[in-house]
$ cat entry_6.cif   # mmCIF, C-alpha atoms and all ligand atoms
data_input
loop_
_atom_site.group_PDB
_atom_site.id
_atom_site.type_symbol
_atom_site.label_atom_id
_atom_site.label_comp_id
_atom_site.auth_asym_id
_atom_site.auth_seq_id
_atom_site.Cartn_x
_atom_site.Cartn_y
_atom_site.Cartn_z
ATOM 1 C CA MET A 1 80.638 100.656 117.360
ATOM 2 C CA LEU A 2 82.575 99.112 114.492
ATOM 3 C CA LYS A 3 85.506 97.061 115.716
ATOM 4 C CA PHE A 4 88.045 95.466 113.436
ATOM 5 C CA ILE A 5 91.660 94.330 113.530
ATOM 6 C CA HIS A 6 94.417 95.759 111.368
ATOM 7 C CA LEU A 7 97.259 93.374 110.578
ATOM 8 C CA THR A 8 99.891 93.983 107.937
ATOM 9 C CA ASP A 9 102.897 92.598 106.078
ATOM 10 C CA THR A 10 102.650 88.982 107.135
ATOM 11 C CA HIS A 11 105.262 88.000 104.475
ATOM 12 C CA LEU A 12 104.413 84.312 104.624
ATOM 13 C CA VAL A 13 106.969 81.896 103.241
ATOM 14 C CA GLY A 14 106.527 78.149 102.826
ATOM 15 C CA GLN A 15 105.895 76.030 105.898
ATOM 16 C CA GLY A 16 109.146 75.481 107.793
ATOM 17 C CA VAL A 17 111.057 78.195 105.863
ATOM 18 C CA ARG A 18 112.512 81.094 107.839
ATOM 19 C CA LEU A 19 112.651 84.721 106.754
ATOM 20 C CA TYR A 20 115.454 86.887 108.190
ATOM 21 C CA GLY A 21 115.808 84.206 110.870
ATOM 22 C CA LEU A 22 112.137 84.436 111.896
ATOM 23 C CA ASP A 23 109.130 82.168 111.269
ATOM 24 C CA PRO A 24 106.388 84.299 109.640
ATOM 25 C CA HIS A 25 103.884 81.436 109.833
ATOM 26 C CA GLN A 26 104.335 81.144 113.597
ATOM 27 C CA ARG A 27 104.192 84.925 114.028
ATOM 28 C CA LEU A 28 100.872 85.108 112.193
ATOM 29 C CA LYS A 29 99.424 82.160 114.069
ATOM 30 C CA GLN A 30 100.360 83.795 117.381
ATOM 31 C CA ALA A 31 98.594 86.993 116.306
ATOM 32 C CA LEU A 32 95.466 85.096 115.253
ATOM 33 C CA ALA A 33 95.392 83.109 118.505
ATOM 34 C CA ASP A 34 95.595 86.342 120.504
ATOM 35 C CA ILE A 35 92.897 87.981 118.365
ATOM 36 C CA ASN A 36 90.631 84.926 118.742
ATOM 37 C CA LYS A 37 91.114 85.037 122.504
ATOM 38 C CA HIS A 38 90.568 88.764 123.075
ATOM 39 C CA HIS A 39 88.702 90.189 120.069
ATOM 40 C CA GLY A 40 86.220 87.538 118.980
ATOM 41 C CA ASP A 41 83.597 90.308 118.912
ATOM 42 C CA ALA A 42 85.341 92.188 116.076
ATOM 43 C CA HIS A 43 83.725 92.612 112.650
ATOM 44 C CA SER A 44 86.754 91.374 110.723
ATOM 45 C CA ILE A 45 90.517 91.367 110.255
ATOM 46 C CA VAL A 46 92.063 93.416 107.450
ATOM 47 C CA ILE A 47 95.585 92.486 106.303
ATOM 48 C CA THR A 48 97.008 95.385 104.290
ATOM 49 C CA GLY A 49 99.284 93.533 101.909
ATOM 50 C CA ASP A 50 102.568 91.760 101.520
ATOM 51 C CA LEU A 51 100.663 88.637 102.432
ATOM 52 C CA THR A 52 103.569 86.530 101.182
ATOM 53 C CA ASN A 53 107.252 87.299 100.684
ATOM 54 C CA TRP A 54 107.895 85.843 97.220
ATOM 55 C CA GLY A 55 104.352 85.387 95.905
ATOM 56 C CA GLY A 56 104.785 81.606 95.704
ATOM 57 C CA GLU A 57 101.970 79.065 95.534
ATOM 58 C CA ASP A 58 103.283 77.285 98.626
ATOM 59 C CA GLU A 59 103.324 80.620 100.445
ATOM 60 C CA TYR A 60 99.659 81.318 99.687
ATOM 61 C CA GLN A 61 98.907 77.787 100.847
ATOM 62 C CA ALA A 62 100.766 78.500 104.101
ATOM 63 C CA LEU A 63 98.715 81.682 104.446
ATOM 64 C CA ALA A 64 95.450 79.815 103.885
ATOM 65 C CA ASP A 65 96.479 77.232 106.494
ATOM 66 C CA ALA A 66 97.241 79.941 109.060
ATOM 67 C CA LEU A 67 94.065 81.915 108.340
ATOM 68 C CA ALA A 68 91.964 78.795 108.896
ATOM 69 C CA LEU A 69 92.670 79.446 112.598
ATOM 70 C CA SER A 70 90.857 82.788 112.543
ATOM 71 C CA ARG A 71 87.344 82.954 113.959
ATOM 72 C CA LEU A 72 86.850 86.293 112.218
ATOM 73 C CA PRO A 73 86.379 86.950 108.507
ATOM 74 C CA VAL A 74 89.627 88.185 106.941
ATOM 75 C CA ARG A 75 90.001 90.771 104.154
ATOM 76 C CA LEU A 76 93.191 90.277 102.168
ATOM 77 C CA ILE A 77 94.843 93.172 100.296
ATOM 78 C CA LEU A 78 97.807 92.708 97.967
ATOM 79 C CA GLY A 79 101.223 94.350 98.400
ATOM 80 C CA ASN A 80 104.357 94.615 96.288
ATOM 81 C CA HIS A 81 105.581 91.189 97.456
ATOM 82 C CA ASP A 82 102.406 89.479 96.245
ATOM 83 C CA HIS A 83 101.422 87.808 92.981
ATOM 84 C CA ARG A 84 97.835 88.397 91.852
ATOM 85 C CA ALA A 85 97.212 85.198 89.875
ATOM 86 C CA ARG A 86 98.744 82.884 92.474
ATOM 87 C CA PHE A 87 96.816 84.698 95.194
ATOM 88 C CA ARG A 88 93.634 84.226 93.186
ATOM 89 C CA ASN A 89 94.345 80.492 92.745
ATOM 90 C CA ALA A 90 94.707 80.017 96.480
ATOM 91 C CA PHE A 91 91.796 82.302 97.402
ATOM 92 C CA PRO A 92 89.244 81.968 94.571
ATOM 93 C CA ASP A 93 86.526 83.649 96.656
ATOM 94 C CA ALA A 94 88.629 86.723 97.415
ATOM 95 C CA MET A 95 87.346 90.118 96.344
ATOM 96 C CA ALA A 96 87.677 91.259 92.728
ATOM 97 C CA ASP A 97 86.565 94.346 90.837
ATOM 98 C CA GLU A 98 85.267 94.230 87.241
ATOM 99 C CA ASN A 99 88.833 94.389 85.901
ATOM 100 C CA GLY A 100 90.172 91.575 88.063
ATOM 101 C CA TYR A 101 91.980 93.751 90.596
ATOM 102 C CA VAL A 102 91.734 92.740 94.238
ATOM 103 C CA GLN A 103 89.464 95.628 95.210
ATOM 104 C CA ASP A 104 86.063 95.789 96.861
ATOM 105 C CA VAL A 105 83.957 97.657 99.388
ATOM 106 C CA THR A 106 82.220 96.666 102.596
ATOM 107 C CA ASP A 107 79.385 98.868 103.797
ATOM 108 C CA THR A 108 78.931 99.001 107.562
ATOM 109 C CA ASP A 109 76.635 100.931 109.905
ATOM 110 C CA PHE A 110 79.517 103.379 110.389
ATOM 111 C CA GLY A 111 80.529 103.928 106.791
ATOM 112 C CA ARG A 112 82.111 102.306 103.782
ATOM 113 C CA MET A 113 85.397 100.393 103.883
ATOM 114 C CA ILE A 114 87.167 100.594 100.498
ATOM 115 C CA PHE A 115 89.968 98.129 99.764
ATOM 116 C CA LEU A 116 92.514 99.015 97.061
ATOM 117 C CA ASP A 117 94.997 96.980 95.038
ATOM 118 C CA THR A 118 98.314 98.868 94.540
ATOM 119 C CA LEU A 119 100.320 95.915 93.214
ATOM 120 C CA MET A 120 102.293 96.212 89.976
ATOM 121 C CA GLU A 121 104.206 92.976 89.515
ATOM 122 C CA GLY A 122 107.884 93.564 88.776
ATOM 123 C CA THR A 123 108.308 96.609 90.996
ATOM 124 C CA HIS A 124 108.223 97.255 94.727
ATOM 125 C CA ALA A 125 106.718 100.671 94.077
ATOM 126 C CA GLY A 126 102.963 101.127 94.314
ATOM 127 C CA TRP A 127 100.782 101.444 91.246
ATOM 128 C CA LEU A 128 97.225 102.636 90.699
ATOM 129 C CA CYS A 129 96.418 102.525 86.986
ATOM 130 C CA GLU A 130 93.557 104.481 85.460
ATOM 131 C CA GLU A 131 91.194 101.513 85.786
ATOM 132 C CA ARG A 132 91.818 101.213 89.487
ATOM 133 C CA LEU A 133 91.620 104.965 90.074
ATOM 134 C CA ASN A 134 88.360 105.164 88.119
ATOM 135 C CA TRP A 135 86.982 102.322 90.199
ATOM 136 C CA LEU A 136 87.964 104.203 93.380
ATOM 137 C CA GLY A 137 86.364 107.412 92.125
ATOM 138 C CA ALA A 138 83.109 105.600 91.362
ATOM 139 C CA ARG A 139 83.030 103.908 94.781
ATOM 140 C CA LEU A 140 83.592 107.271 96.501
ATOM 141 C CA LYS A 141 80.973 109.015 94.397
ATOM 142 C CA GLU A 142 78.189 106.490 94.946
ATOM 143 C CA THR A 143 78.298 106.669 98.746
ATOM 144 C CA GLY A 144 77.399 109.741 100.766
ATOM 145 C CA GLY A 145 78.659 108.619 104.164
ATOM 146 C CA PRO A 146 81.985 108.193 105.929
ATOM 147 C CA VAL A 147 84.746 106.261 104.139
ATOM 148 C CA TYR A 148 87.740 104.259 105.364
ATOM 149 C CA LEU A 149 90.455 103.511 102.807
ATOM 150 C CA PHE A 150 92.706 100.460 102.981
ATOM 151 C CA MET A 151 95.768 100.071 100.756
ATOM 152 C CA HIS A 152 99.265 98.635 100.921
ATOM 153 C CA HIS A 153 101.324 101.627 99.796
ATOM 154 C CA PRO A 154 100.902 104.994 101.528
ATOM 155 C CA PRO A 155 99.751 107.623 99.018
ATOM 156 C CA PHE A 156 102.449 110.114 100.148
ATOM 157 C CA ASP A 157 106.140 110.127 101.083
ATOM 158 C CA ILE A 158 106.777 109.181 104.704
ATOM 159 C CA GLY A 159 110.172 110.876 105.105
ATOM 160 C CA MET A 160 112.290 107.720 104.994
ATOM 161 C CA PRO A 161 114.235 107.683 101.701
ATOM 162 C CA GLY A 162 114.814 103.914 101.961
ATOM 163 C CA MET A 163 111.034 103.358 101.799
ATOM 164 C CA ASP A 164 109.975 106.364 99.742
ATOM 165 C CA GLN A 165 111.924 104.964 96.796
ATOM 166 C CA TYR A 166 109.239 102.239 96.783
ATOM 167 C CA GLY A 167 106.279 104.590 97.208
ATOM 168 C CA LEU A 168 103.091 104.959 95.183
ATOM 169 C CA ILE A 169 103.917 106.216 91.681
ATOM 170 C CA GLN A 170 100.552 107.914 91.031
ATOM 171 C CA LYS A 171 100.477 110.159 94.103
ATOM 172 C CA GLU A 172 99.122 113.173 92.222
ATOM 173 C CA GLU A 173 96.492 111.156 90.373
ATOM 174 C CA PHE A 174 95.349 109.530 93.627
ATOM 175 C CA LYS A 175 95.136 112.925 95.304
ATOM 176 C CA ALA A 176 93.014 114.275 92.441
ATOM 177 C CA VAL A 177 90.571 111.347 92.678
ATOM 178 C CA ILE A 178 90.017 111.600 96.435
ATOM 179 C CA HIS A 179 90.071 115.394 96.664
ATOM 180 C CA PRO A 180 86.316 116.002 96.227
ATOM 181 C CA TYR A 181 85.568 113.433 98.942
ATOM 182 C CA LYS A 182 88.348 114.041 101.432
ATOM 183 C CA SER A 183 86.104 115.541 104.113
ATOM 184 C CA ARG A 184 84.291 112.182 104.241
ATOM 185 C CA ILE A 185 87.422 110.003 104.330
ATOM 186 C CA ARG A 186 87.870 109.376 108.031
ATOM 187 C CA GLN A 187 91.056 107.293 107.923
ATOM 188 C CA ILE A 188 93.553 105.765 105.520
ATOM 189 C CA PHE A 189 94.966 102.460 106.771
ATOM 190 C CA PHE A 190 98.063 101.226 104.968
ATOM 191 C CA GLY A 191 100.981 98.781 105.327
ATOM 192 C CA HIS A 192 104.333 98.579 103.524
ATOM 193 C CA ILE A 193 106.378 100.599 106.047
ATOM 194 C CA HIS A 194 106.764 97.954 108.804
ATOM 195 C CA ARG A 195 106.751 100.751 111.391
ATOM 196 C CA PRO A 196 104.111 102.547 113.480
ATOM 197 C CA ILE A 197 103.277 105.840 111.760
ATOM 198 C CA HIS A 198 100.216 108.022 112.233
ATOM 199 C CA GLY A 199 99.223 111.581 111.468
ATOM 200 C CA GLU A 200 97.104 113.395 108.921
ATOM 201 C CA TRP A 201 97.479 114.214 105.253
ATOM 202 C CA LEU A 202 95.255 116.729 103.459
ATOM 203 C CA GLY A 203 93.194 116.674 106.644
ATOM 204 C CA ILE A 204 92.739 112.890 106.453
ATOM 205 C CA PRO A 205 93.990 110.863 109.438
ATOM 206 C CA PHE A 206 96.178 107.893 108.572
ATOM 207 C CA SER A 207 97.881 105.013 110.332
ATOM 208 C CA THR A 208 100.072 102.023 109.791
ATOM 209 C CA LEU A 209 101.885 99.632 112.090
ATOM 210 C CA ARG A 210 104.612 97.037 112.387
ATOM 211 C CA GLY A 211 104.399 93.867 110.362
ATOM 212 C CA THR A 212 103.967 90.482 111.989
ATOM 213 C CA ASN A 213 107.447 89.272 110.979
ATOM 214 C CA HIS A 214 110.365 91.682 110.374
ATOM 215 C CA GLN A 215 110.490 95.474 110.753
ATOM 216 C CA VAL A 216 112.117 98.444 109.029
ATOM 217 C CA TRP A 217 114.446 100.536 111.172
ATOM 218 C CA MET A 218 113.629 104.245 111.497
ATOM 219 C CA ASP A 219 116.128 105.967 109.218
ATOM 220 C CA LEU A 220 115.137 109.486 108.177
ATOM 221 C CA GLU A 221 118.480 110.133 106.465
ATOM 222 C CA GLY A 222 118.670 107.133 104.162
ATOM 223 C CA ARG A 223 121.838 105.273 103.278
ATOM 224 C CA ALA A 224 123.958 106.510 100.381
ATOM 225 C CA ASP A 225 123.656 103.090 98.720
ATOM 226 C CA GLY A 226 119.849 103.072 99.048
ATOM 227 C CA ASN A 227 119.914 99.837 101.027
ATOM 228 C CA LEU A 228 117.163 99.530 103.604
ATOM 229 C CA PRO A 229 118.066 98.996 107.289
ATOM 230 C CA MET A 230 115.760 96.441 108.901
ATOM 231 C CA SER A 231 115.243 95.353 112.506
ATOM 232 C CA TYR A 232 113.816 92.833 114.932
ATOM 233 C CA GLU A 233 111.513 95.267 116.734
ATOM 234 C CA ARG A 234 108.465 93.426 117.978
ATOM 235 C CA PRO A 235 105.378 92.856 115.866
ATOM 236 C CA ALA A 236 101.958 94.344 116.564
ATOM 237 C CA TYR A 237 98.339 94.329 115.529
ATOM 238 C CA GLY A 238 95.911 97.223 115.687
ATOM 239 C CA VAL A 239 92.489 97.142 117.331
ATOM 240 C CA VAL A 240 90.321 99.751 115.604
ATOM 241 C CA LEU A 241 87.155 101.083 117.261
ATOM 242 C CA ILE A 242 84.921 103.411 115.298
ATOM 243 C CA ASP A 243 81.639 105.179 115.911
ATOM 244 C CA GLN A 244 80.116 108.426 114.620
ATOM 245 C CA THR A 245 82.363 110.560 116.811
ATOM 246 C CA ILE A 246 85.738 108.851 117.068
ATOM 247 C CA THR A 247 88.274 106.504 115.468
ATOM 248 C CA LEU A 248 90.403 104.781 118.126
ATOM 249 C CA ILE A 249 93.379 102.623 117.247
ATOM 250 C CA HIS A 250 95.025 100.542 119.946
ATOM 251 C CA GLU A 251 98.320 99.051 118.845
ATOM 252 C CA HIS A 252 99.011 95.828 120.687
ATOM 253 C CA ASP A 253 102.382 94.108 121.287
ATOM 254 C CA TYR A 254 100.930 90.610 121.109
ATOM 255 C CA LEU A 255 104.216 88.805 121.800
ATOM 256 C CA TYR A 256 104.814 90.669 125.080
ATOM 257 C CA ASP A 257 105.710 87.946 127.545
ATOM 258 C CA ASP A 258 106.978 89.881 130.559
ATOM 259 C CA GLU A 259 104.974 90.549 133.725
ATOM 260 C CA ILE A 260 101.719 92.482 133.971
ATOM 261 C CA TYR A 261 101.635 94.250 137.363
ATOM 262 C CA LEU A 262 99.100 96.418 139.154
ATOM 263 C CA GLY A 263 99.490 100.158 139.582
ATOM 264 C CA ASP A 264 98.050 100.468 143.087
ATOM 265 C CA PRO A 265 99.954 99.212 146.152
ATOM 266 C CA PRO A 266 98.685 96.334 148.273
ATOM 267 C CA GLU A 267 97.047 97.179 151.584
ATOM 268 C CA GLY A 268 99.444 98.654 154.108
ATOM 269 C CA LEU A 269 102.106 99.798 151.628
ATOM 270 C CA SER A 270 102.420 103.402 150.445
ATOM 271 C CA GLU A 271 102.385 104.199 146.741
ATOM 272 C CA TYR A 272 105.950 105.477 147.035
ATOM 273 C CA ASP A 273 107.282 102.358 148.797
ATOM 274 C CA TYR A 274 105.405 100.052 146.422
ATOM 275 C CA ALA A 275 106.687 101.799 143.296
ATOM 276 C CA THR A 276 110.287 102.256 144.428
ATOM 277 C CA THR A 277 111.034 99.101 146.424
ATOM 278 C CA GLY A 278 108.146 96.691 145.848
ATOM 279 C CA PHE A 279 109.574 95.073 142.687
ATOM 280 C CA ASP A 280 112.498 92.806 141.971
ATOM 281 C CA HIS A 281 112.121 93.242 138.195
ATOM 282 C CA HIS A 282 115.165 94.564 136.367
ATOM 283 C CA GLU A 283 115.723 95.260 132.698
HETATM 284 FE FE FE B 301 106.269 94.427 103.519
#

$ encode --input "entry_6.cif" --output "structure tokens" --more "lines below"
Ligand SMILES: [Fe+2]
Amino acid sequence: MLKFIHLTDTHLVGQGVRLYGLDPHQRLKQALADINKHHGDAHSIVITGDLTNWGGEDEYQALADALALSRLPVRLILGNHDHRARFRNAFPDAMADENGYVQDVTDTDFGRMIFLDTLMEGTHAGWLCEERLNWLGARLKETGGPVYLFMHHPPFDIGMPGMDQYGLIQKEEFKAVIHPYKSRIRQIFFGHIHRPIHGEWLGIPFSTLRGTNHQVWMDLEGRADGNLPMSYERPAYGVVLIDQTITLIHEHDYLYDDEIYLGDPPEGLSEYDYATTGFDHHE
């Protein structure tokens, strides 16, 4: 069984700075503490981009400080809010392909994890230039087993105009590169959307989840002015469990602080009485 943690859109700002009224540093530290406590047996953590909010040096330093708490190795992918050179300064040992993009593979007993860099500085849209697409094609070609793709931008529209305006530009080119291998691609994990979305595309399952700081409100209509509605829905991380037969993704509300209660009644009380009158909890 391959077990790893999917985190996304941490949007770190400098220590002590708030973002939309929230503290991204604290939010990430709470996630890492929970992961350390309950999932110390996992292979790794993958953060699918928007590591920082403004791409600042102090923000990457804040990220490094927070990640020092993790007992698991962490794979860092860039998103549209990141800055490649400043990221590289703060994380000199981070992955790099032959062209300097933050891309790499990890081969596991259950297949190959491929990490992609869709950042084009100056735009919030996603970008996969020919160099990066060629790299992806070569990595797919050289392995014969199952593949798991990780990227910040989804490679297709997700039906929310407010987000699709910042989608991957090279959707057709990406599709052409993966097409010969799509029966071996078992999952695409992405970020960017700040919402839980899962389904399949071209027969390939995909998933994303809420960020650790702020969220995007579900708006399938889109505002006339193109402005993006955002929300304070709770953050989550994903626990991914993979073997030859199944990919399981448990999405966990790690800031849940209400009661945990048992489903079965105590001795002497019927299920009906327990469920209908045995609680003094009210919303
Ligand atoms: Fe984001």

$ resolve_selection --input "entry_6.cif" --expression "the PyMOL selection byres (((chain A and resi 83-89) around 12) and not hetatm)" --output "mmCIF file with C-alpha atoms, keeping the file's coordinate frame"
data_model
loop_
_atom_site.group_PDB
_atom_site.id
_atom_site.type_symbol
_atom_site.label_atom_id
_atom_site.label_comp_id
_atom_site.auth_asym_id
_atom_site.auth_seq_id
_atom_site.Cartn_x
_atom_site.Cartn_y
_atom_site.Cartn_z
ATOM 1 C CA GLY A 49 99.284 93.533 101.909
ATOM 2 C CA ASP A 50 102.568 91.760 101.520
ATOM 3 C CA LEU A 51 100.663 88.637 102.432
ATOM 4 C CA THR A 52 103.569 86.530 101.182
ATOM 5 C CA ASN A 53 107.252 87.299 100.684
ATOM 6 C CA TRP A 54 107.895 85.843 97.220
ATOM 7 C CA GLY A 55 104.352 85.387 95.905
ATOM 8 C CA GLY A 56 104.785 81.606 95.704
ATOM 9 C CA GLU A 57 101.970 79.065 95.534
ATOM 10 C CA ASP A 58 103.283 77.285 98.626
ATOM 11 C CA GLU A 59 103.324 80.620 100.445
ATOM 12 C CA TYR A 60 99.659 81.318 99.687
ATOM 13 C CA GLN A 61 98.907 77.787 100.847
ATOM 14 C CA ALA A 62 100.766 78.500 104.101
ATOM 15 C CA LEU A 63 98.715 81.682 104.446
ATOM 16 C CA ALA A 64 95.450 79.815 103.885
ATOM 17 C CA LEU A 76 93.191 90.277 102.168
ATOM 18 C CA ILE A 77 94.843 93.172 100.296
ATOM 19 C CA LEU A 78 97.807 92.708 97.967
ATOM 20 C CA GLY A 79 101.223 94.350 98.400
ATOM 21 C CA ASN A 80 104.357 94.615 96.288
ATOM 22 C CA HIS A 81 105.581 91.189 97.456
ATOM 23 C CA ASP A 82 102.406 89.479 96.245
ATOM 24 C CA ALA A 90 94.707 80.017 96.480
ATOM 25 C CA PHE A 91 91.796 82.302 97.402
ATOM 26 C CA PRO A 92 89.244 81.968 94.571
ATOM 27 C CA ASP A 93 86.526 83.649 96.656
ATOM 28 C CA ALA A 94 88.629 86.723 97.415
ATOM 29 C CA MET A 95 87.346 90.118 96.344
ATOM 30 C CA ALA A 96 87.677 91.259 92.728
ATOM 31 C CA GLY A 100 90.172 91.575 88.063
ATOM 32 C CA TYR A 101 91.980 93.751 90.596
ATOM 33 C CA VAL A 102 91.734 92.740 94.238
ATOM 34 C CA GLN A 103 89.464 95.628 95.210
ATOM 35 C CA ASP A 117 94.997 96.980 95.038
ATOM 36 C CA THR A 118 98.314 98.868 94.540
ATOM 37 C CA LEU A 119 100.320 95.915 93.214
ATOM 38 C CA MET A 120 102.293 96.212 89.976
ATOM 39 C CA GLU A 121 104.206 92.976 89.515
ATOM 40 C CA GLY A 122 107.884 93.564 88.776
ATOM 41 C CA THR A 123 108.308 96.609 90.996
ATOM 42 C CA HIS A 124 108.223 97.255 94.727
#

$ residues_near_ligand --input "entry_6.cif" --ligand "ligand FE 301 (chain B)" --cutoff "7 Å" --atoms "only C-alpha atoms and all ligand atoms" --output "list in words"
Asp9, His11, Asp50, His81, His192, Ile193 and His194 of chain A

$ write_last_selection --input "entry_6.cif" --atoms "C-alpha atoms" --output "PDB file, keeping the file's coordinate frame"
ATOM      1  CA  ASP A   9     102.897  92.598 106.078  1.00  0.00           C
ATOM      2  CA  HIS A  11     105.262  88.000 104.475  1.00  0.00           C
ATOM      3  CA  ASP A  50     102.568  91.760 101.520  1.00  0.00           C
ATOM      4  CA  HIS A  81     105.581  91.189  97.456  1.00  0.00           C
ATOM      5  CA  HIS A 192     104.333  98.579 103.524  1.00  0.00           C
ATOM      6  CA  ILE A 193     106.378 100.599 106.047  1.00  0.00           C
ATOM      7  CA  HIS A 194     106.764  97.954 108.804  1.00  0.00           C
TER       8      HIS A 194
END

$ resolve_selection --input "entry_6.cif" --expression "the PyMOL selection byres (((chain A and resi 210) around 8) and not hetatm)" --output "list in words"
Thr8, Asp9, Ile193, His194, Arg195, Pro196, Thr208, Leu209, Gly211, Thr212, Gln215, Arg234, Pro235, Ala236 and Tyr237 of chain A

$ closest_residue --input "entry_6.cif" --among "A:Trp217, A:Phe206, A:Tyr232, A:Tyr181" --to "A:Glu142" --atoms "only C-alpha atoms"
A:Tyr181

$ resolve_selection --input "entry_6.cif" --expression "the PyMOL selection byres (((chain A and resi 32-34) around 10) and not hetatm)" --output "list in words"
Leu7, Gln26, Arg27, Leu28, Lys29, Gln30, Ala31, Ile35, Asn36, Lys37, His38, His39, Gly40, Ile45, Ala66, Leu67, Ala68, Leu69, Ser70, Arg71, Leu72, Tyr237, Tyr254 and Leu255 of chain A

$ closest_residue --input "entry_6.cif" --among "A:Arg186, A:His282, A:His214, A:Lys141" --to "A:Ile242" --atoms "all atoms listed in the file"
A:Arg186

$ residues_around --input "entry_6.cif" --residues "A:Val240" --least-positions-apart "6" --cutoff "8 Å" --atoms "all atoms listed in the file" --output "ChimeraX atom specification"
/A:2-6,247-250

$ closest_residue --input "entry_6.cif" --among "A:Asp157, A:Glu173, A:Glu259, A:Glu251" --to "A:Trp201" --atoms "only C-alpha atoms"
A:Asp157

$ axis_aligned_box --input "entry_6.cif" --around "stretch 119-124 of chain A" --padding-each-side "4 Å" --output "AutoDock Vina command-line options"
--center_x 104.3 --center_y 95.1 --center_z 91.8 --size_x 16.0 --size_y 12.3 --size_z 14.0

$ residues_around --input "entry_6.cif" --residues "A:His281" --least-positions-apart "5" --cutoff "12 Å" --atoms "all atoms listed in the file" --output "PyMOL selection string"
chain A and resi 258-261+275-276

$ closest_residue --input "entry_6.cif" --among "A:Pro161, A:Gly16, A:Pro154, A:Gly226" --to "A:Trp127" --atoms "only C-alpha atoms"
A:Pro154

$ closest_residue --input "entry_6.cif" --among "A:Ala176, A:Gly111, A:Asn213, A:Leu228" --to "A:Val13" --atoms "only C-alpha atoms"
A:Asn213

$ atom_distance --input "entry_6.cif" --atom1 "atom CA of A:Leu22" --atom2 "atom CA of A:His198"
26.4 Å

$ atom_distance --input "entry_6.cif" --atom1 "atom CA of A:Leu168" --atom2 "atom CA of A:Ala125"
5.7 Å

$ atom_distance --input "entry_6.cif" --atom1 "atom CA of A:Val216" --atom2 "atom CA of A:Ile197"
11.8 Å

$ closest_residue --input "entry_6.cif" --among "A:Met163, A:Val74, A:Leu136, A:Ile114" --to "A:Asn227" --atoms "all atoms listed in the file"
A:Met163

$ residues_near_point --input "entry_6.cif" --point "(80.6, 107.6, 112.7)" --cutoff "7 Å" --atoms "only C-alpha atoms" --output "tab-separated table (two decimals) with C-alpha atoms, in the coordinates of the input"
chain	number	residue	atom	x	y	z
A	110	PHE	CA	79.52	103.38	110.39
A	111	GLY	CA	80.53	103.93	106.79
A	146	PRO	CA	81.98	108.19	105.93
A	242	ILE	CA	84.92	103.41	115.30
A	243	ASP	CA	81.64	105.18	115.91
A	244	GLN	CA	80.12	108.43	114.62
A	245	THR	CA	82.36	110.56	116.81
A	246	ILE	CA	85.74	108.85	117.07
